[in-house]
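For reference, start36.txt (compact mmCIF, C-alpha atoms):
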```
# COMPACT_ATOMS: atom_id res chain seq x y z
CA MET A 96 15.71 -16.37 16.96
CA LYS A 97 18.08 -16.15 19.89
CA GLN A 98 16.93 -19.48 21.28
CA LYS A 99 18.92 -22.41 19.99
CA GLN A 100 16.37 -25.09 19.22
CA ILE A 101 17.62 -26.57 16.00
CA PHE A 102 20.86 -28.46 15.62
CA TYR A 103 22.35 -26.04 13.09
CA ASP A 104 21.25 -22.85 14.86
CA TYR A 105 24.78 -22.17 16.00
CA LEU A 106 25.85 -21.89 12.37
CA ILE A 107 23.20 -19.28 11.53
CA HIS A 108 23.70 -16.15 13.52
CA THR A 109 20.70 -13.92 13.03
CA GLU A 110 21.28 -11.48 15.85
CA GLU A 111 22.33 -8.71 13.49
CA ILE A 112 19.02 -8.91 11.64
CA THR A 113 17.01 -9.05 14.87
CA LEU A 114 18.85 -6.05 16.25
CA THR A 115 18.34 -4.12 13.03
CA LEU A 116 14.60 -4.72 13.18
CA GLU A 117 14.45 -3.92 16.88
CA GLY A 118 15.82 -0.49 16.16
CA ASP A 119 13.15 0.35 13.67
CA CYS A 120 10.02 1.00 15.69
CA LEU A 121 8.08 -1.98 14.39
CA ASP A 122 5.50 -3.24 16.81
CA GLU A 123 5.88 -6.70 18.28
CA VAL A 124 3.40 -8.41 15.95
CA GLU A 125 5.02 -6.97 12.86
CA LYS A 126 8.48 -7.82 14.10
CA GLU A 127 7.51 -11.38 14.98
CA GLU A 128 5.99 -11.98 11.56
CA LEU A 129 9.04 -10.61 9.78
CA ILE A 130 11.40 -12.62 11.96
CA GLY A 131 9.28 -15.73 11.37
CA LEU A 132 9.61 -15.28 7.61
CA ILE A 133 13.36 -14.70 7.82
CA ASP A 134 13.85 -17.63 10.14
CA GLN A 135 11.89 -20.07 8.00
CA THR A 136 13.70 -18.89 4.87
CA LEU A 137 17.03 -19.62 6.51
CA GLN A 138 15.76 -22.97 7.79
CA GLN A 139 14.55 -24.00 4.34
CA GLN A 140 17.78 -22.93 2.70
CA THR A 141 19.83 -24.80 5.28
CA LEU A 142 17.80 -27.94 4.74
CA GLU A 143 18.29 -27.50 1.01
CA VAL A 144 22.08 -27.27 1.50
CA ILE A 145 22.05 -30.38 3.66
CA LEU A 146 19.92 -32.37 1.23
CA ASP A 147 21.99 -31.16 -1.72
CA ASN A 148 25.06 -32.67 -0.16
CA LEU A 149 23.74 -35.65 1.75
CA PRO A 150 23.54 -38.76 -0.45
CA LYS A 151 19.94 -39.45 -1.38
CA GLU A 152 19.81 -42.82 0.34
CA PHE A 153 20.16 -41.06 3.70
CA HIS A 154 17.48 -38.43 3.14
CA GLN A 155 14.62 -40.37 4.71
CA GLU A 156 16.63 -41.27 7.75
CA PHE A 157 17.80 -37.72 8.23
CA LEU A 158 14.31 -36.26 7.79
CA LYS A 159 12.79 -38.68 10.22
CA MET A 160 15.37 -37.89 12.88
CA PHE A 161 15.04 -34.19 12.19
CA SER A 162 11.26 -34.15 12.50
CA GLU A 163 11.40 -36.16 15.71
CA ASN A 164 14.02 -34.01 17.32
CA PRO A 165 15.30 -30.93 15.48
CA TYR A 166 17.83 -30.23 18.24
CA ASN A 167 19.36 -33.70 18.21
CA PRO A 168 23.08 -32.85 18.38
CA HIS A 169 23.89 -36.16 16.71
CA LEU A 170 22.26 -34.99 13.50
CA LEU A 171 25.30 -32.99 12.52
CA THR A 172 27.55 -35.97 13.22
CA PHE A 173 25.25 -38.12 11.14
CA ILE A 174 25.55 -35.70 8.21
CA LYS A 175 29.29 -35.18 8.57
CA GLU A 176 29.89 -38.90 8.44
CA LYS A 177 28.15 -39.08 5.09
CA VAL A 178 29.34 -36.04 3.20
CA THR A 179 32.72 -35.30 1.76
CA ILE A 180 32.63 -31.53 2.12
CA ASP A 181 32.86 -29.23 5.14
CA ILE A 182 29.09 -29.02 5.64
CA GLU A 183 29.31 -26.55 8.52
CA LYS A 184 31.24 -24.16 6.31
CA VAL A 185 28.78 -24.51 3.43
CA ILE A 186 25.79 -23.90 5.73
CA THR A 187 27.47 -20.86 7.27
CA GLU A 188 28.38 -19.42 3.88
CA LYS A 189 24.89 -19.87 2.50
CA ALA A 190 23.32 -18.31 5.61
CA SER A 191 25.74 -15.37 5.46
CA LYS A 192 24.83 -14.69 1.85
CA THR A 193 21.11 -14.75 2.61
CA LYS A 194 21.55 -12.58 5.69
CA LYS A 195 23.39 -10.00 3.61
CA GLU A 196 20.52 -9.96 1.12
CA ILE A 197 17.98 -9.58 3.91
CA LEU A 198 19.92 -6.76 5.54
CA SER A 199 20.07 -5.09 2.14
CA ASP A 200 16.29 -5.53 1.77
CA ILE A 201 15.78 -3.95 5.19
CA LYS A 202 18.05 -1.06 4.25
CA LYS A 203 16.21 -0.49 0.99
CA SER A 204 12.86 -0.56 2.79
CA LYS A 205 13.82 2.28 5.09
CA LYS A 206 11.86 5.43 4.51
CA LYS A 207 13.93 8.38 3.44
CA MET B 254 -2.39 -10.92 7.22
CA ILE B 255 0.50 -8.75 8.20
CA ILE B 256 0.44 -6.65 5.06
CA LYS B 257 -2.81 -5.17 6.28
CA SER B 258 -1.70 -4.42 9.79
CA MET B 259 1.70 -3.28 8.68
CA ALA B 260 0.57 -0.78 6.14
CA ASN B 261 1.08 2.15 8.39
CA THR B 262 3.50 4.96 8.34
CA LYS B 263 4.79 4.37 11.84
CA GLY B 264 8.52 3.93 12.34
CA PHE B 265 11.25 4.13 9.77
CA ILE B 266 10.65 1.03 7.72
CA ASP B 267 8.22 0.70 4.85
CA SER B 268 6.95 -2.47 6.47
CA PRO B 269 4.57 -3.65 3.70
CA LEU B 270 7.42 -3.37 1.21
CA LEU B 271 9.81 -5.27 3.47
CA TYR B 272 7.16 -7.89 4.20
CA SER B 273 6.62 -8.42 0.47
CA LYS B 274 10.34 -8.81 -0.17
CA LEU B 275 10.78 -11.27 2.68
CA LYS B 276 7.65 -13.19 1.72
CA LEU B 277 8.97 -13.54 -1.80
CA LYS B 278 12.34 -14.73 -0.55
CA HIS B 279 10.58 -17.22 1.69
CA LEU B 280 8.39 -18.51 -1.16
CA LEU B 281 11.37 -18.82 -3.47
CA SER B 282 13.29 -20.82 -0.87
CA GLU B 283 10.25 -23.06 -0.38
CA ARG B 284 9.95 -23.53 -4.11
CA ALA B 285 13.67 -24.30 -4.49
CA LEU B 286 13.43 -26.93 -1.77
CA SER B 287 10.27 -28.38 -3.31
CA GLU B 288 11.70 -28.56 -6.80
CA LYS B 289 15.10 -29.96 -5.88
CA HIS B 290 13.92 -32.32 -3.18
CA PRO B 291 10.23 -33.01 -3.75
CA GLU B 292 10.06 -36.09 -1.56
CA ALA B 293 11.73 -34.25 1.32
CA ALA B 294 9.44 -31.26 0.90
CA LYS B 295 6.42 -33.54 0.90
CA PHE B 296 7.61 -35.18 4.10
CA LEU B 297 8.24 -31.80 5.76
CA LYS B 298 4.84 -30.56 4.64
CA GLU B 299 3.11 -33.62 6.01
CA LYS B 300 4.86 -33.00 9.31
CA GLY B 301 3.73 -29.37 9.23
CA LEU B 302 7.27 -28.09 8.89
CA LEU B 303 6.83 -25.91 5.81
CA GLY B 304 5.46 -22.38 6.15
CA PRO B 305 6.54 -19.30 8.09
CA GLY B 306 7.90 -20.21 11.51
CA LYS B 307 6.85 -23.86 11.23
CA ILE B 308 10.18 -25.54 11.92
CA ARG B 309 10.85 -23.42 14.97
CA GLU B 310 7.30 -23.82 16.23
CA HIS B 311 7.71 -27.55 15.96
CA ALA B 312 11.04 -27.47 17.79
CA LYS B 313 9.57 -25.27 20.51
CA ARG B 314 6.58 -27.54 20.92
CA LEU B 315 8.79 -30.56 21.33
CA LEU B 316 10.96 -28.79 23.86
CA THR B 317 7.95 -27.58 25.81
CA SER B 318 6.17 -30.91 25.80
CA GLY B 319 9.18 -32.78 27.07
CA ALA B 320 9.02 -35.12 24.13
CA LEU B 321 12.42 -33.95 23.13
CA ALA B 322 13.94 -34.78 26.50
CA GLY B 323 12.48 -38.25 26.26
CA SER B 324 13.72 -38.80 22.77
CA LEU B 325 17.19 -37.63 23.73
CA LEU B 326 17.36 -40.06 26.63
CA LEU B 327 16.02 -42.92 24.61
CA ALA B 328 17.84 -42.10 21.42
CA ALA B 329 18.75 -45.23 19.53
CA PRO B 330 22.13 -45.51 17.84
CA LEU B 331 22.02 -43.28 14.84
CA MET B 332 22.88 -45.92 12.31
CA ASN B 333 20.01 -48.12 13.42
CA VAL B 334 17.05 -45.89 12.83
CA SER B 335 14.39 -48.24 11.55
CA GLN B 336 10.90 -48.17 10.23
CA VAL B 337 11.45 -45.09 8.20
CA HIS B 338 8.17 -43.94 6.68
CA ASP B 339 7.68 -44.58 3.01
CA ILE B 340 7.86 -41.37 1.11
CA THR B 341 6.13 -41.02 -2.21
CA ILE B 342 7.49 -38.51 -4.64
CA SER B 343 5.18 -35.65 -5.48
CA LYS B 344 5.77 -31.96 -5.83
CA PRO B 345 4.31 -29.93 -2.95
CA GLN B 346 1.81 -27.45 -4.26
CA LEU B 347 1.82 -23.73 -3.82
CA SER B 348 -1.43 -21.82 -3.61
CA LEU B 349 -2.77 -19.81 -6.53
CA GLN B 350 -1.66 -16.62 -4.87
CA GLN B 351 1.84 -17.93 -4.12
CA ASN B 352 2.17 -19.08 -7.71
CA LEU B 353 1.10 -15.71 -8.98
CA ILE B 354 3.45 -13.77 -6.69
CA ILE B 355 6.42 -15.82 -7.82
CA LYS B 356 5.61 -15.75 -11.52
CA LEU B 357 4.93 -12.02 -11.58
CA SER B 358 7.99 -11.18 -9.50
CA LEU B 359 10.11 -12.68 -12.24
CA LEU B 360 8.48 -10.49 -14.88
CA LEU B 361 7.56 -7.12 -13.44
CA PRO B 362 9.93 -4.18 -13.12
CA LYS B 363 10.50 -2.76 -9.64
CA GLN B 364 8.49 0.37 -10.38
CA VAL B 365 5.10 0.63 -12.05
CA GLY B 366 5.23 1.77 -15.66
CA GLN B 367 5.11 0.58 -19.23
CA LEU B 368 5.58 -3.13 -19.87
CA SER B 369 7.09 -4.64 -22.96
CA PRO B 370 4.66 -6.40 -25.32
CA GLU B 371 6.38 -9.70 -24.43
CA THR B 372 5.83 -9.14 -20.72
CA GLU B 373 2.21 -8.18 -21.28
CA THR B 374 1.65 -11.38 -23.22
CA GLN B 375 3.37 -13.50 -20.60
CA ILE B 376 1.09 -12.02 -17.94
CA SER B 377 -1.94 -12.97 -20.05
CA HIS B 378 -0.61 -16.53 -20.23
CA ILE B 379 -0.05 -16.67 -16.48
CA LEU B 380 -3.58 -15.46 -15.77
CA PHE B 381 -5.00 -18.00 -18.15
CA ASP B 382 -2.91 -20.84 -16.71
CA LEU B 383 -3.82 -20.02 -13.12
CA PHE B 384 -7.40 -18.80 -13.42
CA GLY B 385 -8.61 -19.93 -16.82
CA ILE B 386 -9.60 -16.42 -17.83
CA ASN B 387 -8.76 -14.56 -21.01
CA ALA B 388 -7.24 -11.38 -19.66
CA VAL B 389 -5.58 -9.02 -22.08
CA PRO B 390 -4.02 -5.55 -22.05
CA GLN B 391 -5.71 -4.73 -25.35
CA LEU B 392 -9.09 -5.85 -26.55
CA GLY B 393 -9.65 -5.25 -30.23
CA SER B 394 -8.37 -1.78 -30.94
CA THR B 395 -8.88 -0.57 -27.42
CA ARG B 396 -6.32 -0.36 -24.65
CA LEU B 397 -5.65 1.82 -21.64
CA ASN B 398 -2.57 3.98 -21.37
CA ASP B 399 -1.44 1.97 -18.36
CA VAL B 400 -1.86 -1.64 -17.38
CA TYR B 401 0.70 -1.72 -14.54
CA GLY B 402 0.08 1.25 -12.33
CA LEU B 403 -0.98 2.54 -8.95
CA ILE B 404 -4.53 2.09 -7.76
CA GLY B 405 -6.04 4.39 -5.16
CA ALA B 406 -9.11 4.13 -2.97
CA GLU B 407 -12.41 5.49 -4.21
CA GLN B 408 -15.71 5.98 -2.42
CA HIS B 409 -18.96 4.18 -3.05
CA LEU B 410 -20.93 5.34 -6.09
CA PRO B 411 -24.60 6.35 -6.01
CA ARG B 412 -26.40 3.45 -7.68
CA PHE B 413 -29.80 5.08 -8.16
CA PRO B 414 -31.43 8.41 -7.35
CA GLY B 415 -31.70 8.75 -3.58
CA ASP B 416 -28.99 6.18 -2.83
CA THR B 417 -27.10 6.84 0.40
CA VAL B 418 -24.02 5.28 1.93
CA SER B 419 -26.10 3.67 4.66
CA GLN B 420 -27.80 1.57 1.98
CA HIS B 421 -24.48 -0.01 0.97
CA ASP B 422 -23.86 -3.15 2.95
CA GLU B 423 -20.14 -2.78 3.60
CA TYR B 424 -17.38 -0.21 4.07
CA GLN B 425 -19.77 2.62 4.82
CA LYS B 426 -16.93 4.59 6.37
CA SER B 427 -15.49 5.03 2.89
CA GLY B 428 -18.37 7.38 2.10
CA ILE B 429 -20.20 7.96 -1.16
CA THR B 430 -19.28 10.32 -3.97
CA PRO B 431 -21.30 13.54 -4.05
CA GLY B 432 -21.59 13.29 -7.84
CA LEU B 433 -22.36 10.37 -10.12
CA GLY B 434 -19.87 7.88 -11.47
CA GLY B 435 -18.55 8.43 -14.98
CA TRP B 436 -21.38 6.34 -16.41
CA GLY B 437 -24.18 7.72 -14.26
CA TYR B 438 -26.52 5.72 -12.08
CA PHE B 439 -26.52 1.93 -12.30
CA ALA B 440 -30.33 1.95 -12.36
CA SER B 441 -32.97 4.63 -12.70
CA SER B 442 -34.61 3.66 -9.41
CA LYS B 443 -33.99 1.43 -6.39
CA ASN B 444 -36.65 -0.98 -7.63
CA GLN B 445 -34.74 -1.55 -10.82
CA MET B 446 -31.55 -2.57 -9.09
CA THR B 447 -30.58 -6.15 -9.83
CA GLU B 448 -28.04 -8.34 -8.09
CA GLU B 449 -25.72 -7.88 -11.06
CA LEU B 450 -25.89 -4.09 -10.69
CA VAL B 451 -25.31 -4.31 -6.95
CA GLN B 452 -22.21 -6.39 -7.66
CA GLY B 453 -21.17 -3.88 -10.33
CA GLU B 454 -20.99 -1.04 -7.84
CA LYS B 455 -19.45 -3.22 -5.19
CA TYR B 456 -16.62 -4.30 -7.49
CA TYR B 457 -15.92 -1.29 -9.65
CA VAL B 458 -12.81 0.47 -10.84
CA ALA B 459 -12.11 3.90 -12.24
CA VAL B 460 -9.83 4.11 -15.27
CA GLN B 461 -8.28 7.10 -16.97
CA THR B 462 -10.38 7.13 -20.12
CA LEU B 463 -10.08 10.91 -20.21
CA TYR B 464 -6.40 10.63 -21.09
CA LEU B 465 -6.80 8.13 -23.91
CA PRO B 466 -5.30 9.52 -27.12
CA ASP B 467 -8.40 8.56 -29.08
CA TRP B 468 -10.97 9.48 -26.45
CA GLN B 469 -12.30 12.56 -28.17
CA LYS B 470 -12.01 11.06 -31.61
CA ARG B 471 -13.98 7.91 -30.79
CA LEU B 472 -15.99 9.30 -27.90
CA LYS B 473 -19.34 7.78 -28.73
CA PHE B 474 -17.91 4.32 -29.30
CA LEU B 475 -15.53 4.35 -26.34
CA VAL B 476 -18.13 5.60 -23.84
CA GLN B 477 -20.28 2.59 -24.63
CA TRP B 478 -17.34 0.24 -24.88
CA TYR B 479 -15.95 1.10 -21.45
CA LYS B 480 -19.30 1.14 -19.64
CA HIS B 481 -19.15 -1.69 -17.10
CA ARG B 482 -16.30 -3.27 -19.05
CA LYS B 483 -15.04 -6.29 -17.14
CA VAL B 484 -11.44 -6.17 -15.87
CA VAL B 485 -9.18 -8.17 -13.62
CA VAL B 486 -7.11 -6.35 -11.03
CA VAL B 487 -4.08 -8.12 -9.59
CA ASN B 488 -2.00 -7.09 -6.60
CA PRO B 489 1.42 -8.54 -7.51
CA LEU B 490 2.70 -8.18 -3.97
CA ASN B 491 0.21 -10.59 -2.41
CA GLY B 492 -1.21 -12.38 -5.46
CA LYS B 493 -4.77 -11.30 -4.71
CA SER B 494 -6.87 -10.85 -7.84
CA ILE B 495 -10.38 -9.58 -8.31
CA ILE B 496 -12.83 -9.19 -11.18
CA ALA B 497 -14.45 -5.77 -11.43
CA VAL B 498 -16.15 -3.49 -13.92
CA VAL B 499 -15.31 -0.01 -15.12
CA ALA B 500 -17.83 2.37 -13.61
CA ASP B 501 -15.98 5.63 -13.15
CA ALA B 502 -13.40 7.78 -14.88
CA GLY B 503 -10.23 8.90 -13.15
CA PRO B 504 -8.17 9.51 -11.18
CA ALA B 505 -6.61 12.78 -12.29
CA LYS B 506 -3.00 12.57 -13.44
CA TRP B 507 -1.74 14.90 -10.74
CA THR B 508 -2.62 12.33 -8.08
CA GLY B 509 0.16 10.08 -9.41
CA LYS B 510 -2.33 7.22 -9.50
CA HIS B 511 -3.54 5.38 -12.59
CA PHE B 512 -6.66 3.58 -11.39
CA GLY B 513 -9.27 3.84 -8.67
CA GLY B 514 -10.84 0.97 -6.77
CA SER B 515 -14.13 0.66 -4.91
CA PRO B 516 -13.94 0.11 -1.15
CA GLU B 517 -14.60 -3.61 -1.69
CA VAL B 518 -11.93 -3.93 -4.38
CA MET B 519 -9.33 -2.14 -2.27
CA ALA B 520 -10.19 -4.19 0.80
CA TYR B 521 -9.82 -7.49 -1.01
CA LEU B 522 -6.52 -6.42 -2.52
CA GLU B 523 -5.45 -5.37 0.99
CA LEU B 524 -4.76 -1.86 -0.20
CA ASN B 525 -7.38 -0.14 1.97
CA VAL B 526 -4.89 0.74 4.67
CA GLY B 527 -2.15 3.30 5.12
CA ARG B 528 -1.90 5.47 2.03
CA GLN B 529 -4.64 3.38 0.43
CA LYS B 530 -2.83 2.85 -2.81
CA GLY B 531 -0.52 0.31 -4.33
CA PRO B 532 0.72 -1.29 -7.54
CA VAL B 533 -1.66 -3.42 -9.56
CA ILE B 534 -1.99 -4.97 -12.97
CA LEU B 535 -5.28 -4.16 -14.67
CA TYR B 536 -6.28 -6.17 -17.76
CA PHE B 537 -9.50 -6.42 -19.70
CA VAL B 538 -11.32 -9.72 -19.34
CA ASP B 539 -12.56 -11.09 -22.63
CA ASP B 540 -15.76 -12.71 -21.45
CA PRO B 541 -18.43 -12.50 -24.15
CA ASP B 542 -20.56 -15.19 -22.50
CA ASN B 543 -20.40 -13.50 -19.10
CA LYS B 544 -18.99 -16.58 -17.40
CA VAL B 545 -16.58 -14.78 -15.09
CA SER B 546 -18.27 -13.57 -11.91
CA LEU B 547 -17.44 -10.28 -10.33
CA GLY B 548 -15.51 -10.39 -7.06
CA PRO B 549 -12.48 -12.22 -5.69
CA LEU B 550 -10.81 -14.55 -8.18
CA GLU B 551 -9.86 -17.66 -6.24
CA TYR B 552 -10.66 -20.40 -8.70
CA ASN B 553 -9.85 -21.64 -12.19
CA LEU B 554 -12.69 -21.07 -14.61
CA GLU B 555 -11.48 -23.78 -16.96
CA GLY B 556 -11.25 -26.35 -14.21
CA ASN B 557 -13.60 -26.93 -11.38
CA PRO B 558 -14.57 -23.48 -10.18
CA LYS B 559 -14.08 -22.79 -6.49
CA THR B 560 -12.23 -26.06 -5.92
CA LEU B 561 -9.36 -26.12 -8.34
CA ALA B 562 -7.69 -23.26 -6.55
CA LYS B 563 -6.93 -25.58 -3.68
CA LYS B 564 -5.21 -28.01 -6.00
CA LEU B 565 -2.92 -25.59 -7.73
```

If you convert what's in this file into structure tokens, what do you get?
Amino acid sequence: MKQKQIFYDYLIHTEEITLTLEGDCLDEVEKEELIGLIDQTLQQQTLEVILDNLPKEFHQEFLKMFSENPYNPHLLTFIKEKVTIDIEKVITEKASKTKKEILSDIKKSKKK
Amino acid sequence: MIIKSMANTKGFIDSPLLYSKLKLKHLLSERALSEKHPEAAKFLKEKGLLGPGKIREHAKRLLTSGALAGSLLLAAPLMNVSQVHDITISKPQLSLQQNLIIKLSLLLPKQVGQLSPETETQISHILFDLFGINAVPQLGSTRLNDVYGLIGAEQHLPRFPGDTVSQHDEYQKSGITPGLGGWGYFASSKNQMTEELVQGEKYYVAVQTLYLPDWQKRLKFLVQWYKHRKVVVVNPLNGKSIIAVVADAGPAKWTGKHFGGSPEVMAYLELNVGRQKGPVILYFVDDPDNKVSLGPLEYNLEGNPKTLAKKL
């Protein structure tokens, strides 16, 4: 999750979760699967936030560009031009909320 | 499946529990996206971008292949993207197991225990909707003390006099009980074994008939009633469900478990690892015409068996 490969990666900082899992003696396969689930959850939620706020007539265009090049730095510009809210802030807030829930899940899953 | 490999006691995290929680969160986010933006979800699914790690895998692949570099260099002005694919609106479909995980997660308490009558009924409805089976916590006047409890691993049962573990085709390492199951041999000799009886031992459960309040009072009736009684066992954490028969009594209360499962049952439910126990729902299957086959439940009986599962 440290690699930035998707245009909104810089808004979703997952290092805290990764570090938490790294300190818990999971083997690499387990850790990768868990991180994959967390990552995709955050991706799906971020896309949901974007689509919630992007006018429907631009959805197809956005999705096409996204599938062709998820790192396209112009994607954020494209979205910002078409929404009236601070989309970066909304994405960050949503990701923070989910990360808190995930960290809480990790904490609750620790053996006593 | 990670839940199998992760069910160990290594480290400090209960990894199967964490996996289940994260899987549920992931499924819920997928469902939210699918329900709110069905056409977008369909497009993403067609592009292989839904599912654990899919978006990042796709991004990595593009980066590795150099396609991304090319598309960056040749990027057309953003406002002139043309020839956008037509997108038809249809709701992306979750698998039977995903459906079951989500629906049960909204109903079940965090810990195994008694369920309200409303919850029990809702579970019956869910099982009928998904699988087309009539599964109930109470059949006639008969019900078990627990329907949402912990199941633990059992050994193979001797099916006929002289049966040995080496004659069972799978999970021989689980061993065979030194005594008979609660209802004795399945057949009086090896020659009298039928495929149905073989399946009965393969997919059997033990239930705590000995603790039923009316066990002594209705002993004669209940012994016959429970013998090879068909049940469905559901693992709510992974949505795996299996049809089995009652063929043994137990486990003892002090074990903290409520049901026992044959090696095959436990393996299918992915509970044959680690502490070899886990939460399940166990309901009777009302199947007077014997239409529901024993074994993994991956189809809808009311629809097109073995194929409908893929559609749901």

Requested in this report: Would you list the contacts of Ile386 (chain B) as a PyMOL selection string, taking every protein, DNA or RNA residue within 12 Å and counting only C-alpha atoms, but skipping same-chain residues closer than 5 positions in sequence?
Outcome: chain B and resi 376-381+483-485+494-496+536-546+550-556+558

**Report entry** Within 12 Å of region 428-443 of chain B using all atoms listed in the file, minus same-chain residues under 6 positions, as a count of residues only
**Finding:** 49

With the cut-off set at 9 Å and counting all atoms listed in the file, tabulate each residue of chain A with an atom at most that distance from an atom of chain B, showing the nearest atom pair and its distance in Å to one decimal, ordered by chain and increasing number, as CSV.
```
residue,atom,partner,partner_atom,distance
A:Met96,CA,B:Arg309,CA,8.8
A:Gln100,CA,B:Ala312,CA,6.0
A:Ile101,CA,B:Ala312,CA,6.9
A:Leu116,CA,B:Ile266,CA,8.9
A:Asp119,CA,B:Phe265,CA,5.8
A:Cys120,CA,B:Gly264,CA,4.7
A:Leu121,CA,B:Gly264,CA,6.3
A:Asp122,CA,B:Gly264,CA,9.0
A:Val124,CA,B:Ile255,CA,8.3
A:Glu125,CA,B:Met259,CA,6.5
A:Glu128,CA,B:Ile255,CA,7.2
A:Leu129,CA,B:Tyr272,CA,6.5
A:Ile130,CA,B:Gly306,CA,8.4
A:Gly131,CA,B:Gly306,CA,4.7
A:Leu132,CA,B:Pro305,CA,5.1
A:Ile133,CA,B:Leu275,CA,6.7
A:Asp134,CA,B:Gly306,CA,6.6
A:Gln135,CA,B:Gly306,CA,5.3
A:Thr136,CA,B:His279,CA,4.8
A:Leu137,CA,B:Ser282,CA,8.4
A:Gln138,CA,B:Ile308,CA,7.4
A:Gln139,CA,B:Ser282,CA,6.2
A:Gln140,CA,B:Ser282,CA,6.1
A:Leu142,CA,B:Leu286,CA,7.9
A:Glu143,CA,B:Leu286,CA,5.6
A:Leu146,CA,B:His290,CA,7.4
A:Asp147,CA,B:Lys289,CA,8.1
A:His154,CA,B:Ala293,CA,7.3
A:Gln155,CA,B:Val337,CA,6.7
A:Glu156,CA,B:Val337,CA,6.5
A:Leu158,CA,B:Ala293,CA,7.2
A:Lys159,CA,B:Val337,CA,6.9
A:Met160,CA,B:Val334,CA,8.2
A:Ser162,CA,B:Lys300,CA,7.2
A:Glu163,CA,B:Leu321,CA,7.8
A:Asn164,CA,B:Leu321,CA,6.0
A:Pro165,CA,B:Ala312,CA,6.0
A:Tyr166,CA,B:Ala312,CA,7.3
A:Asn167,CA,B:Leu325,CA,7.1
A:His169,CA,B:Leu331,CA,7.6
A:Leu170,CA,B:Leu331,CA,8.4
A:Phe173,CA,B:Leu331,CA,7.1
A:Ile197,CA,B:Leu275,CA,7.5
A:Asp200,CA,B:Leu271,CA,6.7
A:Ile201,CA,B:Leu271,CA,6.4
A:Lys202,CA,B:Ile266,CA,8.4
A:Lys203,CA,B:Leu271,CA,8.4
A:Ser204,CA,B:Asp267,CA,5.2
A:Lys205,CA,B:Ile266,CA,4.3
A:Lys206,CA,B:Phe265,CA,5.5
A:Lys207,CA,B:Phe265,CA,8.1
```

Requested in this report: Measure the distance from CA of Lys470 (chain B) to CA of Asp399 (chain B) in Å and round it to one decimal.
Outcome: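 Between CA of Lys470 (chain B) and CA of Asp399 (chain B) the gap works out to 19.2 Å.
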
Query raised in the report: Rounded to one decimal in Å, what is the spacing between CA of His511 (chain B) and CA of Gln469 (chain B)?
Result: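 About the pair CA of His511 (chain B) and CA of Gln469 (chain B): they are 19.3 Å apart.
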
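For the choices A:Leu114, A:Leu149, A:Leu198, A:Lys189, the atom-to-atom distance to Lys175 (chain A) is smallest for A:Leu149 when using only C-alpha atoms.
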
Requested in this report: Find the spatial neighbours of Glu183 (chain A), counting only C-alpha atoms, within a cut-off of 9 Å - ignore same-chain residues fewer than 5 positions away - and output them as a VMD selection string.
Outcome: chain A and resid 103 106 171 175 188

Could you dump the residues just selected with C-alpha atoms as a compact mmCIF listing (two decimals), in the frame of the given file?
```txt
# COMPACT_ATOMS: atom_id res chain seq x y z
CA TYR A 103 22.35 -26.04 13.09
CA LEU A 106 25.85 -21.89 12.37
CA LEU A 171 25.30 -32.99 12.52
CA LYS A 175 29.29 -35.18 8.57
CA GLU A 188 28.38 -19.42 3.88
```

Requested in this report: For CA of Thr447 (chain B) and CA of Lys473 (chain B), determine how far apart the two atoms are, in Å to one decimal place.
Outcome: 26.0 Å
